[in-house]
file protein-v1.txt (compact mmCIF, C-alpha atoms)
# COMPACT_ATOMS: atom_id res chain seq x y z
CA MET A 54 0.00 0.00 0.00
CA LYS A 55 2.84 2.41 0.83
CA ARG A 56 4.38 1.95 -2.63
CA GLN A 57 1.04 2.72 -4.26
CA TRP A 58 0.81 6.04 -2.38
CA GLN A 59 4.36 6.89 -3.39
CA GLY A 60 3.31 6.51 -7.03
CA VAL A 61 0.23 8.69 -6.51
CA TYR A 62 2.35 11.33 -4.75
CA LEU A 63 4.95 11.21 -7.53
CA ALA A 64 2.28 11.60 -10.21
CA ALA A 65 0.74 14.57 -8.40
CA MET A 66 4.12 16.16 -7.82
CA LEU A 67 5.16 15.85 -11.45
CA ALA A 68 1.78 16.74 -12.92
CA PHE A 69 1.18 19.84 -10.84
CA SER A 70 4.67 21.09 -10.22
CA PRO A 71 5.57 24.41 -11.83
CA LEU A 72 8.44 22.67 -13.61
CA ILE A 73 8.98 24.18 -17.00
CA VAL A 74 11.47 22.01 -18.78
CA HIS A 75 14.22 24.02 -20.36
CA ALA A 76 17.85 23.17 -21.00
CA SER A 77 18.89 25.14 -17.92
CA LEU A 78 16.58 23.01 -15.75
CA PHE A 79 17.82 19.71 -17.16
CA SER A 80 19.54 18.03 -14.25
CA ALA A 81 20.35 14.63 -12.83
CA GLN A 82 17.53 15.15 -10.32
CA THR A 83 15.00 15.78 -13.09
CA VAL A 84 16.19 12.73 -15.01
CA THR A 85 15.90 10.63 -11.84
CA GLN A 86 12.32 11.86 -11.31
CA TRP A 87 11.44 10.93 -14.88
CA GLU A 88 13.08 7.50 -14.53
CA ILE A 89 11.17 6.81 -11.31
CA ALA A 90 7.91 7.93 -12.89
CA LEU A 91 8.44 5.69 -15.92
CA ALA A 92 9.31 2.75 -13.68
CA GLU A 93 6.55 3.14 -11.10
CA LEU A 94 3.52 4.91 -12.53
CA PRO A 95 0.80 3.09 -14.45
CA PRO A 96 1.04 3.84 -18.19
CA GLU A 97 -2.22 5.81 -18.20
CA GLN A 98 -0.69 8.30 -15.73
CA LEU A 99 2.39 9.04 -17.82
CA THR A 100 0.94 11.76 -20.05
CA PRO A 101 2.37 14.69 -18.03
CA ILE A 102 5.76 12.96 -17.90
CA ILE A 103 5.69 12.43 -21.67
CA ALA A 104 4.88 16.12 -22.16
CA GLN A 105 7.83 17.09 -19.95
CA LEU A 106 10.13 14.72 -21.84
CA GLY A 107 8.90 16.16 -25.13
CA ASP A 108 9.61 19.68 -23.94
CA ALA A 109 13.05 18.57 -22.76
CA TRP A 110 13.64 17.13 -26.24
CA ILE A 111 12.72 20.46 -27.83
CA TYR A 112 15.21 22.39 -25.65
CA ARG A 113 17.90 19.72 -25.47
CA LYS A 114 21.60 20.38 -25.76
CA ASN A 115 23.69 17.92 -27.75
CA GLU A 116 25.00 16.13 -24.67
CA GLU A 117 21.46 15.71 -23.30
CA ALA A 118 19.99 14.16 -26.45
CA PRO A 119 20.92 10.52 -25.71
CA VAL A 120 19.39 10.62 -22.22
CA ILE A 121 16.17 12.29 -23.33
CA SER A 122 15.91 10.09 -26.43
CA ASP A 123 16.23 7.00 -24.26
CA LEU A 124 13.54 8.20 -21.86
CA LEU A 125 11.20 8.96 -24.77
CA ALA A 126 11.82 5.41 -26.05
CA LYS A 127 10.88 4.01 -22.65
CA ALA A 128 7.76 6.19 -22.60
CA LEU A 129 6.84 4.93 -26.06
CA ALA A 130 7.16 1.34 -24.90
CA LEU A 131 4.91 2.03 -21.91
CA ASN A 132 2.32 4.38 -23.45
CA PRO A 133 2.60 4.58 -27.22
CA LYS A 134 -0.70 6.43 -27.62
CA ALA A 135 0.34 9.40 -25.44
CA THR A 136 3.89 9.48 -26.79
CA LEU A 137 2.78 9.43 -30.42
CA ALA A 138 0.09 12.02 -29.68
CA TRP A 139 2.81 14.37 -28.41
CA PHE A 140 4.91 13.73 -31.51
CA GLU A 141 1.89 14.32 -33.76
CA VAL A 142 1.65 17.86 -32.39
CA HIS A 143 5.43 18.28 -32.87
CA PRO A 144 6.19 16.52 -36.19
CA GLU A 145 9.59 18.19 -36.65
CA GLN A 146 10.60 16.90 -33.22
CA PHE A 147 9.40 13.43 -34.17
CA ASP A 148 11.63 13.47 -37.25
CA ALA A 149 14.62 14.61 -35.18
CA TRP A 150 13.98 11.99 -32.49
CA LEU A 151 13.46 9.17 -34.97
CA GLU A 152 16.67 10.12 -36.75
CA SER A 153 18.49 9.93 -33.41
CA VAL A 154 17.16 6.50 -32.40
CA PRO A 155 19.82 4.40 -34.18
CA HIS A 156 22.53 6.59 -32.61
CA THR A 157 21.10 6.82 -29.09
CA VAL A 158 18.53 4.18 -28.16
CA LEU A 159 20.10 1.41 -30.23
CA ILE A 160 23.66 1.97 -29.02
CA ASP A 161 25.20 0.20 -26.06
CA GLU A 162 27.98 2.48 -24.89
CA VAL A 163 28.67 0.62 -21.64
CA GLY A 164 29.69 -2.61 -23.31
CA THR A 165 28.62 -5.13 -20.66
CA ASP A 166 26.36 -8.12 -21.22
CA GLU A 167 23.80 -6.52 -18.90
CA SER A 168 23.78 -3.16 -20.69
CA TYR A 169 23.49 -4.91 -24.07
CA ALA A 170 20.57 -6.98 -22.79
CA GLU A 171 18.86 -3.79 -21.54
CA ARG A 172 19.15 -2.23 -25.02
CA VAL A 173 17.79 -5.39 -26.64
CA GLN A 174 14.92 -5.47 -24.14
CA LEU A 175 14.04 -1.80 -24.74
CA ARG A 176 14.04 -2.31 -28.52
CA ALA A 177 11.79 -5.36 -28.12
CA ALA A 178 9.43 -3.49 -25.78
CA MET A 179 9.14 -0.65 -28.28
CA ILE A 180 8.38 -3.05 -31.14
CA THR A 181 5.82 -4.90 -29.01
CA SER A 182 4.07 -1.65 -28.10
CA LEU A 183 3.75 -0.81 -31.79
CA VAL A 184 2.74 -4.26 -33.12
CA ASN A 185 -0.84 -3.98 -31.94
CA TYR A 186 -1.12 -0.23 -32.36
CA PRO A 187 -4.58 0.49 -33.82
CA LYS A 188 -4.46 1.29 -37.52
CA ASN A 189 -7.38 3.67 -37.14
CA GLN A 190 -5.39 6.00 -34.88
CA GLU A 191 -4.32 9.25 -36.53
CA THR A 192 -0.82 8.61 -35.21
CA PHE A 193 -0.50 5.19 -36.87
CA GLN A 194 1.84 6.64 -39.52
CA TYR A 195 4.29 7.55 -36.74
CA ALA A 196 4.07 4.08 -35.23
CA ARG A 197 4.80 2.52 -38.62
CA ARG A 198 7.85 4.72 -39.19
CA ILE A 199 9.29 3.88 -35.77
CA ASP A 200 8.64 0.18 -36.33
CA ARG A 201 10.53 0.29 -39.64
CA VAL A 202 13.56 1.93 -38.02
CA LEU A 203 13.58 -0.52 -35.12
CA ARG A 204 13.21 -3.61 -37.31
CA SER A 205 15.89 -2.48 -39.74
CA SER A 206 18.43 -1.78 -36.99
CA GLN A 207 20.29 -3.86 -34.47
CA ILE A 208 21.86 -2.92 -31.15
CA ARG A 209 25.46 -1.85 -31.63
CA GLN A 210 28.17 -1.80 -29.00
CA THR A 211 30.71 1.01 -28.99
CA ASN A 212 33.09 -0.54 -26.44

call {"tool": "encode", "arguments": {"input": "protein-v1.txt", "output": "structure tokens"}}
result
Amino acid sequence: MKRQWQGVYLAAMLAFSPLIVHASLFSAQTVTQWEIALAELPPEQLTPIIAQLGDAWIYRKNEEAPVISDLLAKALALNPKATLAWFEVHPEQFDAWLESVPHTVLIDEVGTDESYAERVQLRAAMITSLVNYPKNQETFQYARRIDRVLRSSQIRQTN
């Protein structure tokens, strides 16, 4: 029961906080909050988190792109409808994110068996979230484009 209340508190804190995501506010603490939210909140409560991640993507600096791209990938795997809805409103950001996926989400820079397995698992979760995506959704074209990129790419190790 305590864990459930922590999730409710976290959702309320993130949804109603006056946090305006801008490059100057991008911090390890913010990333940790997003990671916790993605790990603990039910998918239907992730919409405000996805909006914050989208805004962070808009205002990203080059060194922040891999972190934000990865979090958007995790959000897509958990709640494709909300993630694709955000991208539909920001099509130029979708194109930029999708172009980055092979260089961020599909790269294992750590080089351990565990980190490689995490990348493979994230890629599989993203594909699974898109397999049954309703064709009648206005955002289906985005889902199809992501699916093509994911299926035509493999996880690469840089170490």

call {"tool": "residues_around", "arguments": {"input": "protein-v1.txt", "residues": "region 180-182 of chain A", "least_positions_apart": "3", "cutoff": "12 Å", "atoms": "all atoms listed in the file", "output": "ChimeraX atom specification"}}
result
/A:96,126-137,173-177,185-187,196-206

call {"tool": "atom_distance", "arguments": {"input": "protein-v1.txt", "atom1": "CA of Asp123 (chain A)", "atom2": "CA of Val158 (chain A)"}}
result
5.3 Å

call {"tool": "atom_distance", "arguments": {"input": "protein-v1.txt", "atom1": "CA of Val154 (chain A)", "atom2": "CA of Pro119 (chain A)"}}
result
8.7 Å

call {"tool": "residues_around", "arguments": {"input": "protein-v1.txt", "residues": "Glu88 (chain A)", "least_positions_apart": "6", "cutoff": "12 Å", "atoms": "only C-alpha atoms", "output": "short mmCIF file (atom, residue, chain, number, x, y, z; two decimals) with C-alpha atoms, in the coordinates of the input"}}
result
data_model
loop_
_atom_site.label_atom_id
_atom_site.label_comp_id
_atom_site.auth_asym_id
_atom_site.auth_seq_id
_atom_site.Cartn_x
_atom_site.Cartn_y
_atom_site.Cartn_z
CA LEU A 63 4.95 11.21 -7.53
CA LEU A 67 5.16 15.85 -11.45
CA ALA A 81 20.35 14.63 -12.83
CA GLN A 82 17.53 15.15 -10.32
CA LEU A 94 3.52 4.91 -12.53
CA LEU A 99 2.39 9.04 -17.82
CA ILE A 102 5.76 12.96 -17.90
CA ILE A 103 5.69 12.43 -21.67
CA LEU A 106 10.13 14.72 -21.84
CA VAL A 120 19.39 10.62 -22.22
CA ILE A 121 16.17 12.29 -23.33
CA ASP A 123 16.23 7.00 -24.26
CA LEU A 124 13.54 8.20 -21.86
CA LEU A 125 11.20 8.96 -24.77
CA ALA A 126 11.82 5.41 -26.05
CA LYS A 127 10.88 4.01 -22.65
CA ALA A 128 7.76 6.19 -22.60
#

call {"tool": "closest_residue", "arguments": {"input": "protein-v1.txt", "among": "A:Gln207, A:Asp108, A:Ile89, A:Lys188", "to": "Thr157 (chain A)", "atoms": "only C-alpha atoms"}}
result
A:Gln207

call {"tool": "closest_residue", "arguments": {"input": "protein-v1.txt", "among": "A:Glu93, A:Asp161, A:Asp148, A:Glu167", "to": "Ile208 (chain A)", "atoms": "only C-alpha atoms"}}
result
A:Asp161

call {"tool": "atom_distance", "arguments": {"input": "protein-v1.txt", "atom1": "CA of Ala138 (chain A)", "atom2": "CA of Thr192 (chain A)"}}
result
6.6 Å

call {"tool": "residues_around", "arguments": {"input": "protein-v1.txt", "residues": "Gln210 (chain A)", "least_positions_apart": "3", "cutoff": "10 Å", "atoms": "only C-alpha atoms", "output": "list in words"}}
result
Leu159, Ile160, Asp161, Glu162, Val163, Gly164, Thr165, Ser168, Tyr169, Arg172 and Gln207 of chain A

call {"tool": "write_last_selection", "arguments": {"input": "protein-v1.txt", "atoms": "C-alpha atoms", "output": "mmCIF file, in the coordinates of the input"}}
result
data_model
loop_
_atom_site.group_PDB
_atom_site.id
_atom_site.type_symbol
_atom_site.label_atom_id
_atom_site.label_comp_id
_atom_site.auth_asym_id
_atom_site.auth_seq_id
_atom_site.Cartn_x
_atom_site.Cartn_y
_atom_site.Cartn_z
ATOM 1 C CA LEU A 159 20.100 1.410 -30.230
ATOM 2 C CA ILE A 160 23.660 1.970 -29.020
ATOM 3 C CA ASP A 161 25.200 0.200 -26.060
ATOM 4 C CA GLU A 162 27.980 2.480 -24.890
ATOM 5 C CA VAL A 163 28.670 0.620 -21.640
ATOM 6 C CA GLY A 164 29.690 -2.610 -23.310
ATOM 7 C CA THR A 165 28.620 -5.130 -20.660
ATOM 8 C CA SER A 168 23.780 -3.160 -20.690
ATOM 9 C CA TYR A 169 23.490 -4.910 -24.070
ATOM 10 C CA ARG A 172 19.150 -2.230 -25.020
ATOM 11 C CA GLN A 207 20.290 -3.860 -34.470
#

call {"tool": "closest_residue", "arguments": {"input": "protein-v1.txt", "among": "A:Gln194, A:Glu117, A:Trp139, A:His156", "to": "Pro101 (chain A)", "atoms": "all atoms listed in the file"}}
result
A:Trp139

call {"tool": "build_atoms", "arguments": {"input": "protein-v1.txt", "residues": "region 162-173 of chain A", "atoms": "all heavy atoms", "output": "CSV table (one decimal), in the coordinates of the input"}}
result
chain,number,residue,atom,x,y,z
A,162,GLU,N,26.7,1.8,-25.1
A,162,GLU,CA,28.0,2.5,-24.9
A,162,GLU,C,28.7,1.9,-23.7
A,162,GLU,O,29.9,2.2,-23.5
A,162,GLU,CB,27.8,4.0,-24.7
A,162,GLU,CG,27.3,4.6,-26.0
A,162,GLU,CD,27.1,6.1,-25.9
A,162,GLU,OE1,27.0,6.6,-24.7
A,162,GLU,OE2,27.1,6.8,-26.9
A,163,VAL,N,28.0,1.2,-22.8
A,163,VAL,CA,28.7,0.6,-21.6
A,163,VAL,C,29.5,-0.6,-22.0
A,163,VAL,O,30.6,-0.8,-21.5
A,163,VAL,CB,27.6,0.3,-20.5
A,163,VAL,CG1,28.3,-0.3,-19.3
A,163,VAL,CG2,26.9,1.6,-20.2
A,164,GLY,N,28.9,-1.5,-22.8
A,164,GLY,CA,29.7,-2.6,-23.3
A,164,GLY,C,29.6,-3.9,-22.4
A,164,GLY,O,30.4,-4.8,-22.7
A,165,THR,N,28.8,-3.9,-21.5
A,165,THR,CA,28.6,-5.1,-20.7
A,165,THR,C,27.5,-6.0,-21.2
A,165,THR,O,26.6,-5.5,-22.0
A,165,THR,CB,28.3,-4.8,-19.2
A,165,THR,OG1,27.0,-4.2,-19.1
A,165,THR,CG2,29.4,-3.9,-18.6
A,166,ASP,N,27.5,-7.2,-20.8
A,166,ASP,CA,26.4,-8.1,-21.2
A,166,ASP,C,25.0,-7.6,-20.7
A,166,ASP,O,24.0,-7.6,-21.4
A,166,ASP,CB,26.6,-9.5,-20.7
A,166,ASP,CG,27.7,-10.3,-21.4
A,166,ASP,OD1,28.1,-9.8,-22.5
A,166,ASP,OD2,28.2,-11.3,-20.9
A,167,GLU,N,25.0,-7.1,-19.5
A,167,GLU,CA,23.8,-6.5,-18.9
A,167,GLU,C,23.3,-5.3,-19.7
A,167,GLU,O,22.1,-5.2,-19.9
A,167,GLU,CB,24.0,-6.2,-17.4
A,167,GLU,CG,22.8,-5.7,-16.7
A,167,GLU,CD,23.1,-5.3,-15.3
A,167,GLU,OE1,23.9,-6.0,-14.6
A,167,GLU,OE2,22.4,-4.4,-14.8
A,168,SER,N,24.2,-4.4,-20.0
A,168,SER,CA,23.8,-3.2,-20.7
A,168,SER,C,23.3,-3.5,-22.1
A,168,SER,O,22.3,-2.9,-22.6
A,168,SER,CB,24.9,-2.1,-20.7
A,168,SER,OG,26.0,-2.6,-21.5
A,169,TYR,N,23.9,-4.5,-22.7
A,169,TYR,CA,23.5,-4.9,-24.1
A,169,TYR,C,22.1,-5.5,-24.0
A,169,TYR,O,21.2,-5.2,-24.8
A,169,TYR,CB,24.5,-5.9,-24.7
A,169,TYR,CG,24.1,-6.4,-26.0
A,169,TYR,CD1,24.4,-5.6,-27.1
A,169,TYR,CD2,23.5,-7.6,-26.3
A,169,TYR,CE1,24.1,-6.0,-28.4
A,169,TYR,CE2,23.1,-8.0,-27.5
A,169,TYR,CZ,23.4,-7.2,-28.6
A,169,TYR,OH,23.1,-7.6,-29.9
A,170,ALA,N,21.9,-6.4,-23.0
A,170,ALA,CA,20.6,-7.0,-22.8
A,170,ALA,C,19.5,-5.9,-22.5
A,170,ALA,O,18.4,-6.1,-23.0
A,170,ALA,CB,20.6,-8.0,-21.6
A,171,GLU,N,19.8,-4.9,-21.8
A,171,GLU,CA,18.9,-3.8,-21.5
A,171,GLU,C,18.5,-3.1,-22.8
A,171,GLU,O,17.3,-2.8,-23.0
A,171,GLU,CB,19.4,-2.8,-20.6
A,171,GLU,CG,19.5,-3.3,-19.1
A,171,GLU,CD,20.3,-2.3,-18.2
A,171,GLU,OE1,20.6,-1.2,-18.7
A,171,GLU,OE2,20.5,-2.6,-17.1
A,172,ARG,N,19.4,-2.9,-23.7
A,172,ARG,CA,19.2,-2.2,-25.0
A,172,ARG,C,18.3,-3.1,-25.9
A,172,ARG,O,17.3,-2.7,-26.5
A,172,ARG,CB,20.4,-1.9,-25.8
A,172,ARG,CG,21.4,-1.0,-25.1
A,172,ARG,CD,20.9,0.5,-25.3
A,172,ARG,NE,20.3,0.9,-24.1
A,172,ARG,CZ,19.5,1.9,-23.9
A,172,ARG,NH1,19.3,2.7,-24.9
A,172,ARG,NH2,19.0,2.2,-22.7
A,173,VAL,N,18.6,-4.4,-25.9
A,173,VAL,CA,17.8,-5.4,-26.6
A,173,VAL,C,16.4,-5.4,-26.1
A,173,VAL,O,15.4,-5.4,-26.9
A,173,VAL,CB,18.4,-6.8,-26.6
A,173,VAL,CG1,17.5,-7.9,-27.1
A,173,VAL,CG2,19.7,-6.8,-27.4
